[in-house]
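Trainee: Please see the structure below; I have some questions.
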Amino acid sequence: MKHFFIDKYSEVKSPIRNLDARAKIITFFSLILLCVTTPPKALLAFGGYYLILAIMLVISKVPLSFILKRVVIAIPFILMVAAFIPFIGADVGGSYNLWGITLYQRGLLILFNVTVKALFGVAALTLLVSTTPFDELMEGLKKLGVPKVFITIASFMYRYIFVVVDETMRMKRARDSRNFEGRWIWQASAVGHMVATLFLRSYERGERVYSAMLSRGYDGEVKSLSEHPITRKDIIFTLFIISTAVLLNLSYALIKLFIGG
Amino acid sequence: MHHNKAVEIKNLHYKYPDGTSALNGVDVVIEHGETVALLGPNGAGKSTFILHLNGILRGNGEVKILGLPINGRTLKEIRRRVGLVFQDPDDQLFCPNVFEDVAFGPINMGLSKEEIVTKVNKALASVEMEGFEKRPAHHLSFGQKKRVAIASVLSMEPDMLVLDEPTSNLDPRGKGKIIEILGSLPVTKVVITHNLDEATKLCKRAIVMDEGKIVADDAIEKILSNESMLKNHGLF
């Protein structure tokens with residue numbers, strides 16, 4: 001069966017794709033951190049962050065629509081958490097009256113910030129994953145000191161999620177072929193059986209995979225050969241992006257300091 | 001080395017943790033360089049049996065592989081020299097890409113980088129999968145996965161290959177390819193199969209298992225001409 005892969009565009013050749021995974025991980029995580037810690041009213045700075053991302057997107061040749069689709073997924077989550085903020089709030093700053101409903105300025109600013117920052121985070125991570133094949137990403141995280149057990153879990157999850165999805169699809173087809181409608185509460189037990197079966201099969205597969213690992217001399221640690229030396233290009237990229245972002249992060253305070261606004 | 005047998009098993013018994021007995025006294029000797037078909041109905045104990053050939057399972061009985069009794073000290077050596085290919089390639093291929101899967105064994109053997117790369121290239125060439133090194137396993141077709149699974153043990157240059165239904169679920173061309181590859185490998189082979197045609201092509205000797213025991217062990221022509229025996233054990 002065909003699947004949608006999260007790193008679908010990660011093999012597209014581009015200058016960003018060719019950078020070392022470690023450089024990209026550090027850069028993107030710093031970007032997110034700096035964006036999140038930017039003062040709420042620094043609108044220009046937010047524009048700057050998005051501009052950096054947009055430029056990288058163009059260079060990476062990843063379609064904008066692909067990133068947007070991922071980003072849209074995050075919106076309901078943000079709204080669930082933050083949508084009510086403008087309606088409650090202390091009377092600091094002004095408020096608007098919309099047909100009898102009070103909207104607080106401060107709350108609106110918080111909502112704006114949460115949305116802009118969260119969407120930036122999702123977009124940045126999507127771009128990172130779309131320009132880095134999964135194995136390189138894991139390798140990079142490992143070299144950056146992420147505990148091996150997390151890397152192993154993530155790698156196996158990525159490797160087997162498609163196998164499990166396939167198995168679920170086949171089970172669903174077999175179930176629906178026998179006129180299962182899933183409309184009534186007493187049919188819920190069938191779904192329960194499916195979940196249990198899936199769990200058991202995954203558990204048994206886990207044992208078989210482990211046997212296969214032992215057969216080839218596994219002794220508790222997944223070792224890997226790949227070596228990617230950090231090049232000057234990686235360092236320049238990382239330093240350039242991070243220093244630009246640091247400037248953006250400080251811009252609001254600096255402008256205030258000099259102009260005294 | 002060659003005065004030893006490849007496999008020497010006496011009175012092997014195995015019970016699963018839930019109490020089901022899977023092997024009830026298996027005796028078998030396999031010489032170096034032999035290719036043996038392991039036949040038998042579903043649930044006969046074939047897969048359980050082959051898991052004893054590299055010490056994944058340790059039942060009661062005397063098991064000597066390549067002249068070495070299986071114990072904690074010989075386990076590593078035996079696993080290096082016995083290549084076990086599992087039936088479902090999704091069990092065998094667990095690494096992010098083909099290269100790492102094929103390199104998994106050699107890396108665990110502690111070889112140098114050059115040696116590992118040479119062995120991986122050689123193994124991939126012998127199953128005609130060169131150029132797929134960077135591909136993740138889930139992007140491969142089933143036939144390709146099967147071939148990479150074989151390469152993943154060939155890279156350890158084993159003295160004995162043990163394969164659990166290497167051609168199951170493959171189309172005729174894929175089956176032909178696997179048979180051709182296996183035929184070209186000059187090592188001792190134990191092959192579980194349900195396909196009697198393929199067994200004849202590959203093997204000179206056949207062992208029939210049923211209910212955890214060996215019920216026949218002879219030249220393959222003799223086994224295949226014994227229709228009543230085959231019928232008794234669900235093979236015909």
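Starting from 1 in every chain, residues are counted up; chains themselves are A, B, ... following the order of the structure tokens, and ligands are numbered from 1 as listed.
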Would you return as a ChimeraX atom specification the members of segment 35-190 of chain B that DSSP assigns to strand (DSSP E or B) on this structure's backbone?
Mentor: /B:35-39,60-65,68-69,82-85,160-164,188-190
Trainee: Would you mind exporting the chosen residues as a tab-separated table (two decimals), in the first residue's frame, restricted to N, CA, C and O atoms?
Mentor:
chain	number	residue	atom	x	y	z
B	35	THR	N	22.45	-29.06	0.73
B	35	THR	CA	21.28	-28.19	0.70
B	35	THR	C	20.07	-29.05	1.01
B	35	THR	O	19.78	-30.00	0.29
B	36	VAL	N	19.41	-28.74	2.11
B	36	VAL	CA	18.35	-29.61	2.60
B	36	VAL	C	17.02	-28.87	2.61
B	36	VAL	O	16.94	-27.73	3.08
B	37	ALA	N	16.00	-29.51	2.05
B	37	ALA	CA	14.65	-28.93	2.12
B	37	ALA	C	13.99	-29.43	3.38
B	37	ALA	O	14.07	-30.62	3.71
B	38	LEU	N	13.35	-28.50	4.11
B	38	LEU	CA	12.62	-28.88	5.31
B	38	LEU	C	11.14	-28.73	4.99
B	38	LEU	O	10.64	-27.63	4.79
B	39	LEU	N	10.45	-29.88	4.85
B	39	LEU	CA	9.05	-29.86	4.46
B	39	LEU	C	8.17	-30.21	5.66
B	39	LEU	O	8.66	-30.78	6.64
B	60	ASN	N	15.73	-28.64	25.08
B	60	ASN	CA	16.47	-29.71	25.74
B	60	ASN	C	16.97	-30.68	24.69
B	60	ASN	O	16.21	-31.15	23.85
B	61	GLY	N	18.24	-31.00	24.76
B	61	GLY	CA	18.81	-31.93	23.80
B	61	GLY	C	20.20	-31.49	23.46
B	61	GLY	O	20.68	-30.46	23.92
B	62	GLU	N	20.86	-32.30	22.63
B	62	GLU	CA	22.24	-32.00	22.29
B	62	GLU	C	22.26	-31.30	20.93
B	62	GLU	O	21.83	-31.86	19.94
B	63	VAL	N	22.73	-30.06	20.90
B	63	VAL	CA	22.77	-29.30	19.65
B	63	VAL	C	24.20	-28.86	19.38
B	63	VAL	O	24.80	-28.15	20.19
B	64	LYS	N	24.74	-29.32	18.25
B	64	LYS	CA	26.08	-28.91	17.85
B	64	LYS	C	25.96	-28.28	16.47
B	64	LYS	O	25.48	-28.92	15.53
B	65	ILE	N	26.39	-27.03	16.35
B	65	ILE	CA	26.31	-26.34	15.08
B	65	ILE	C	27.72	-26.04	14.61
B	65	ILE	O	28.50	-25.42	15.35
B	68	LEU	N	30.34	-26.76	16.99
B	68	LEU	CA	30.36	-26.08	18.29
B	68	LEU	C	29.08	-26.40	19.07
B	68	LEU	O	27.99	-26.25	18.53
B	69	PRO	N	29.22	-26.82	20.31
B	69	PRO	CA	28.01	-26.96	21.14
B	69	PRO	C	27.50	-25.55	21.46
B	69	PRO	O	28.30	-24.64	21.67
B	82	VAL	N	26.02	-18.66	11.12
B	82	VAL	CA	24.74	-19.18	10.63
B	82	VAL	C	23.86	-17.98	10.28
B	82	VAL	O	23.52	-17.18	11.14
B	83	GLY	N	23.52	-17.84	9.02
B	83	GLY	CA	22.66	-16.73	8.61
B	83	GLY	C	21.21	-17.18	8.58
B	83	GLY	O	20.83	-18.07	7.82
B	84	LEU	N	20.39	-16.56	9.44
B	84	LEU	CA	18.98	-16.95	9.52
B	84	LEU	C	18.14	-15.89	8.79
B	84	LEU	O	18.19	-14.72	9.15
B	85	VAL	N	17.40	-16.32	7.79
B	85	VAL	CA	16.53	-15.38	7.06
B	85	VAL	C	15.09	-15.67	7.45
B	85	VAL	O	14.58	-16.75	7.21
B	160	MET	N	26.62	-21.21	6.84
B	160	MET	CA	25.37	-21.92	6.67
B	160	MET	C	24.23	-20.90	6.58
B	160	MET	O	24.20	-19.93	7.33
B	161	LEU	N	23.33	-21.16	5.63
B	161	LEU	CA	22.17	-20.29	5.47
B	161	LEU	C	20.93	-21.07	5.87
B	161	LEU	O	20.76	-22.22	5.45
B	162	VAL	N	20.07	-20.44	6.67
B	162	VAL	CA	18.82	-21.08	7.05
B	162	VAL	C	17.70	-20.14	6.64
B	162	VAL	O	17.67	-18.98	7.06
B	163	LEU	N	16.81	-20.62	5.77
B	163	LEU	CA	15.79	-19.73	5.23
B	163	LEU	C	14.39	-20.26	5.50
B	163	LEU	O	14.09	-21.42	5.22
B	164	ASP	N	13.54	-19.40	6.05
B	164	ASP	CA	12.16	-19.76	6.34
B	164	ASP	C	11.29	-19.28	5.18
B	164	ASP	O	11.02	-18.09	5.04
B	188	THR	N	26.31	-24.35	3.03
B	188	THR	CA	25.29	-25.27	3.53
B	188	THR	C	23.97	-24.51	3.64
B	188	THR	O	23.96	-23.38	4.09
B	189	LYS	N	22.89	-25.15	3.19
B	189	LYS	CA	21.61	-24.45	3.24
B	189	LYS	C	20.52	-25.34	3.82
B	189	LYS	O	20.43	-26.52	3.49
B	190	VAL	N	19.68	-24.75	4.66
B	190	VAL	CA	18.48	-25.43	5.13
B	190	VAL	C	17.32	-24.53	4.73
B	190	VAL	O	17.29	-23.35	5.09
Trainee: Find the residues near Ile67 of chain A: any atom within 8 Å, counting only C-alpha atoms, skip ones fewer than 5 places away on the same chain, and give them as a short mmCIF file (atom, residue, chain, number, x, y, z; two decimals) with N, CA, C and O atoms, in the first residue's frame.
Mentor:
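After the write, result-v1.cif holds the following:
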data_model
loop_
_atom_site.label_atom_id
_atom_site.label_comp_id
_atom_site.auth_asym_id
_atom_site.auth_seq_id
_atom_site.Cartn_x
_atom_site.Cartn_y
_atom_site.Cartn_z
N VAL A 62 10.90 22.97 -1.39
CA VAL A 62 9.75 22.24 -0.87
C VAL A 62 8.51 23.08 -1.20
O VAL A 62 8.53 24.29 -0.99
N ALA A 123 5.71 25.20 11.38
CA ALA A 123 6.25 25.41 10.03
C ALA A 123 7.75 25.13 10.01
O ALA A 123 8.26 24.47 9.09
N THR A 126 8.36 21.41 10.26
CA THR A 126 8.00 20.75 9.01
C THR A 126 9.08 20.95 7.98
O THR A 126 9.47 20.02 7.27
N LEU A 127 9.60 22.16 7.91
CA LEU A 127 10.66 22.43 6.93
C LEU A 127 11.90 21.62 7.27
O LEU A 127 12.56 21.06 6.39
#
Trainee: Show which residues sit within 9 Å of segment 215-230 of chain B, as a VMD selection string. Count only C-alpha atoms, and ignore same-chain residues fewer than 5 positions away.
Mentor: chain B and resid 28 36 to 37 40 196 199 to 200 203 to 210 235 to 236
Trainee: With N, CA, C and O atoms kept, could you save the residues just selected as a PDB file, in the first residue's frame?
Mentor:
ATOM      1  N   VAL B  28      18.908 -35.068  13.911  1.00  0.00           N
ATOM      2  CA  VAL B  28      19.269 -34.783  12.525  1.00  0.00           C
ATOM      3  C   VAL B  28      20.760 -34.476  12.417  1.00  0.00           C
ATOM      4  O   VAL B  28      21.359 -33.898  13.325  1.00  0.00           O
ATOM      5  N   VAL B  36      19.407 -28.737   2.110  1.00  0.00           N
ATOM      6  CA  VAL B  36      18.352 -29.610   2.605  1.00  0.00           C
ATOM      7  C   VAL B  36      17.024 -28.871   2.606  1.00  0.00           C
ATOM      8  O   VAL B  36      16.937 -27.734   3.077  1.00  0.00           O
ATOM      9  N   ALA B  37      15.998 -29.512   2.052  1.00  0.00           N
ATOM     10  CA  ALA B  37      14.654 -28.933   2.116  1.00  0.00           C
ATOM     11  C   ALA B  37      13.987 -29.429   3.384  1.00  0.00           C
ATOM     12  O   ALA B  37      14.074 -30.617   3.714  1.00  0.00           O
ATOM     13  N   GLY B  40       6.902 -29.879   5.525  1.00  0.00           N
ATOM     14  CA  GLY B  40       5.983 -30.248   6.597  1.00  0.00           C
ATOM     15  C   GLY B  40       4.782 -29.339   6.617  1.00  0.00           C
ATOM     16  O   GLY B  40       4.849 -28.212   6.125  1.00  0.00           O
ATOM     17  N   LEU B 196       7.109 -27.947  -3.620  1.00  0.00           N
ATOM     18  CA  LEU B 196       7.906 -29.147  -3.878  1.00  0.00           C
ATOM     19  C   LEU B 196       8.764 -28.992  -5.134  1.00  0.00           C
ATOM     20  O   LEU B 196       9.866 -29.526  -5.207  1.00  0.00           O
ATOM     21  N   ALA B 199      11.794 -27.116  -4.131  1.00  0.00           N
ATOM     22  CA  ALA B 199      12.622 -27.991  -3.305  1.00  0.00           C
ATOM     23  C   ALA B 199      13.473 -28.890  -4.208  1.00  0.00           C
ATOM     24  O   ALA B 199      14.664 -29.074  -3.980  1.00  0.00           O
ATOM     25  N   THR B 200      12.851 -29.426  -5.262  1.00  0.00           N
ATOM     26  CA  THR B 200      13.604 -30.299  -6.182  1.00  0.00           C
ATOM     27  C   THR B 200      14.710 -29.542  -6.881  1.00  0.00           C
ATOM     28  O   THR B 200      15.793 -30.069  -7.109  1.00  0.00           O
ATOM     29  N   CYS B 203      17.414 -28.679  -3.844  1.00  0.00           N
ATOM     30  CA  CYS B 203      17.945 -29.599  -2.829  1.00  0.00           C
ATOM     31  C   CYS B 203      18.081 -31.016  -3.341  1.00  0.00           C
ATOM     32  O   CYS B 203      17.321 -31.461  -4.203  1.00  0.00           O
ATOM     33  N   LYS B 204      19.033 -31.727  -2.759  1.00  0.00           N
ATOM     34  CA  LYS B 204      19.179 -33.149  -3.067  1.00  0.00           C
ATOM     35  C   LYS B 204      18.530 -33.986  -1.967  1.00  0.00           C
ATOM     36  O   LYS B 204      18.215 -35.139  -2.163  1.00  0.00           O
ATOM     37  N   ARG B 205      18.368 -33.361  -0.812  1.00  0.00           N
ATOM     38  CA  ARG B 205      17.859 -34.124   0.327  1.00  0.00           C
ATOM     39  C   ARG B 205      16.660 -33.384   0.914  1.00  0.00           C
ATOM     40  O   ARG B 205      16.614 -32.149   0.869  1.00  0.00           O
ATOM     41  N   ALA B 206      15.708 -34.132   1.437  1.00  0.00           N
ATOM     42  CA  ALA B 206      14.553 -33.501   2.063  1.00  0.00           C
ATOM     43  C   ALA B 206      14.255 -34.148   3.410  1.00  0.00           C
ATOM     44  O   ALA B 206      14.449 -35.346   3.587  1.00  0.00           O
ATOM     45  N   ILE B 207      13.842 -33.288   4.340  1.00  0.00           N
ATOM     46  CA  ILE B 207      13.431 -33.774   5.654  1.00  0.00           C
ATOM     47  C   ILE B 207      11.966 -33.389   5.827  1.00  0.00           C
ATOM     48  O   ILE B 207      11.587 -32.251   5.554  1.00  0.00           O
ATOM     49  N   VAL B 208      11.150 -34.329   6.230  1.00  0.00           N
ATOM     50  CA  VAL B 208       9.742 -34.015   6.456  1.00  0.00           C
ATOM     51  C   VAL B 208       9.477 -34.021   7.951  1.00  0.00           C
ATOM     52  O   VAL B 208       9.837 -34.964   8.654  1.00  0.00           O
ATOM     53  N   MET B 209       8.871 -32.933   8.422  1.00  0.00           N
ATOM     54  CA  MET B 209       8.523 -32.842   9.848  1.00  0.00           C
ATOM     55  C   MET B 209       7.019 -32.835  10.003  1.00  0.00           C
ATOM     56  O   MET B 209       6.294 -32.294   9.168  1.00  0.00           O
ATOM     57  N   ASP B 210       6.545 -33.439  11.078  1.00  0.00           N
ATOM     58  CA  ASP B 210       5.140 -33.304  11.447  1.00  0.00           C
ATOM     59  C   ASP B 210       5.019 -33.511  12.951  1.00  0.00           C
ATOM     60  O   ASP B 210       5.699 -34.377  13.515  1.00  0.00           O
ATOM     61  N   LEU B 235       1.133 -32.879   2.552  1.00  0.00           N
ATOM     62  CA  LEU B 235       2.020 -32.224   1.591  1.00  0.00           C
ATOM     63  C   LEU B 235       1.595 -32.474   0.154  1.00  0.00           C
ATOM     64  O   LEU B 235       2.202 -31.958  -0.771  1.00  0.00           O
ATOM     65  N   PHE B 236       0.562 -33.260  -0.031  1.00  0.00           N
ATOM     66  CA  PHE B 236       0.199 -33.621  -1.393  1.00  0.00           C
ATOM     67  C   PHE B 236      -1.308 -33.669  -1.534  1.00  0.00           C
ATOM     68  O   PHE B 236      -1.991 -34.081  -0.599  1.00  0.00           O
TER      69      PHE B 236
END
Trainee: Can you work out which residues from chain B touch chain A at a cut-off of 6 Å (counting only C-alpha atoms) and hand them back as a PyMOL selection string?
Mentor: chain B and resi 79+91-92+96+105+108
Trainee: Using only C-alpha atoms, determine which residues lie at most 8 Å from Ser30 of chain A, disregarding the query and same-chain residues fewer than 4 positions distant; provide the list as a list of chain:residue names.
Mentor: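 Skipping anything fewer than 4 positions along the chain leaves A:Ile26, A:Leu34, A:Ile242.
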Trainee: Those same residues - C-alpha atoms - I'd like them written as a compact mmCIF listing (two decimals), in the first residue's frame.
Mentor:
# COMPACT_ATOMS: atom_id res chain seq x y z
CA ILE A 26 20.47 23.48 16.03
CA LEU A 34 14.11 32.89 19.77
CA ILE A 242 20.94 32.34 14.48
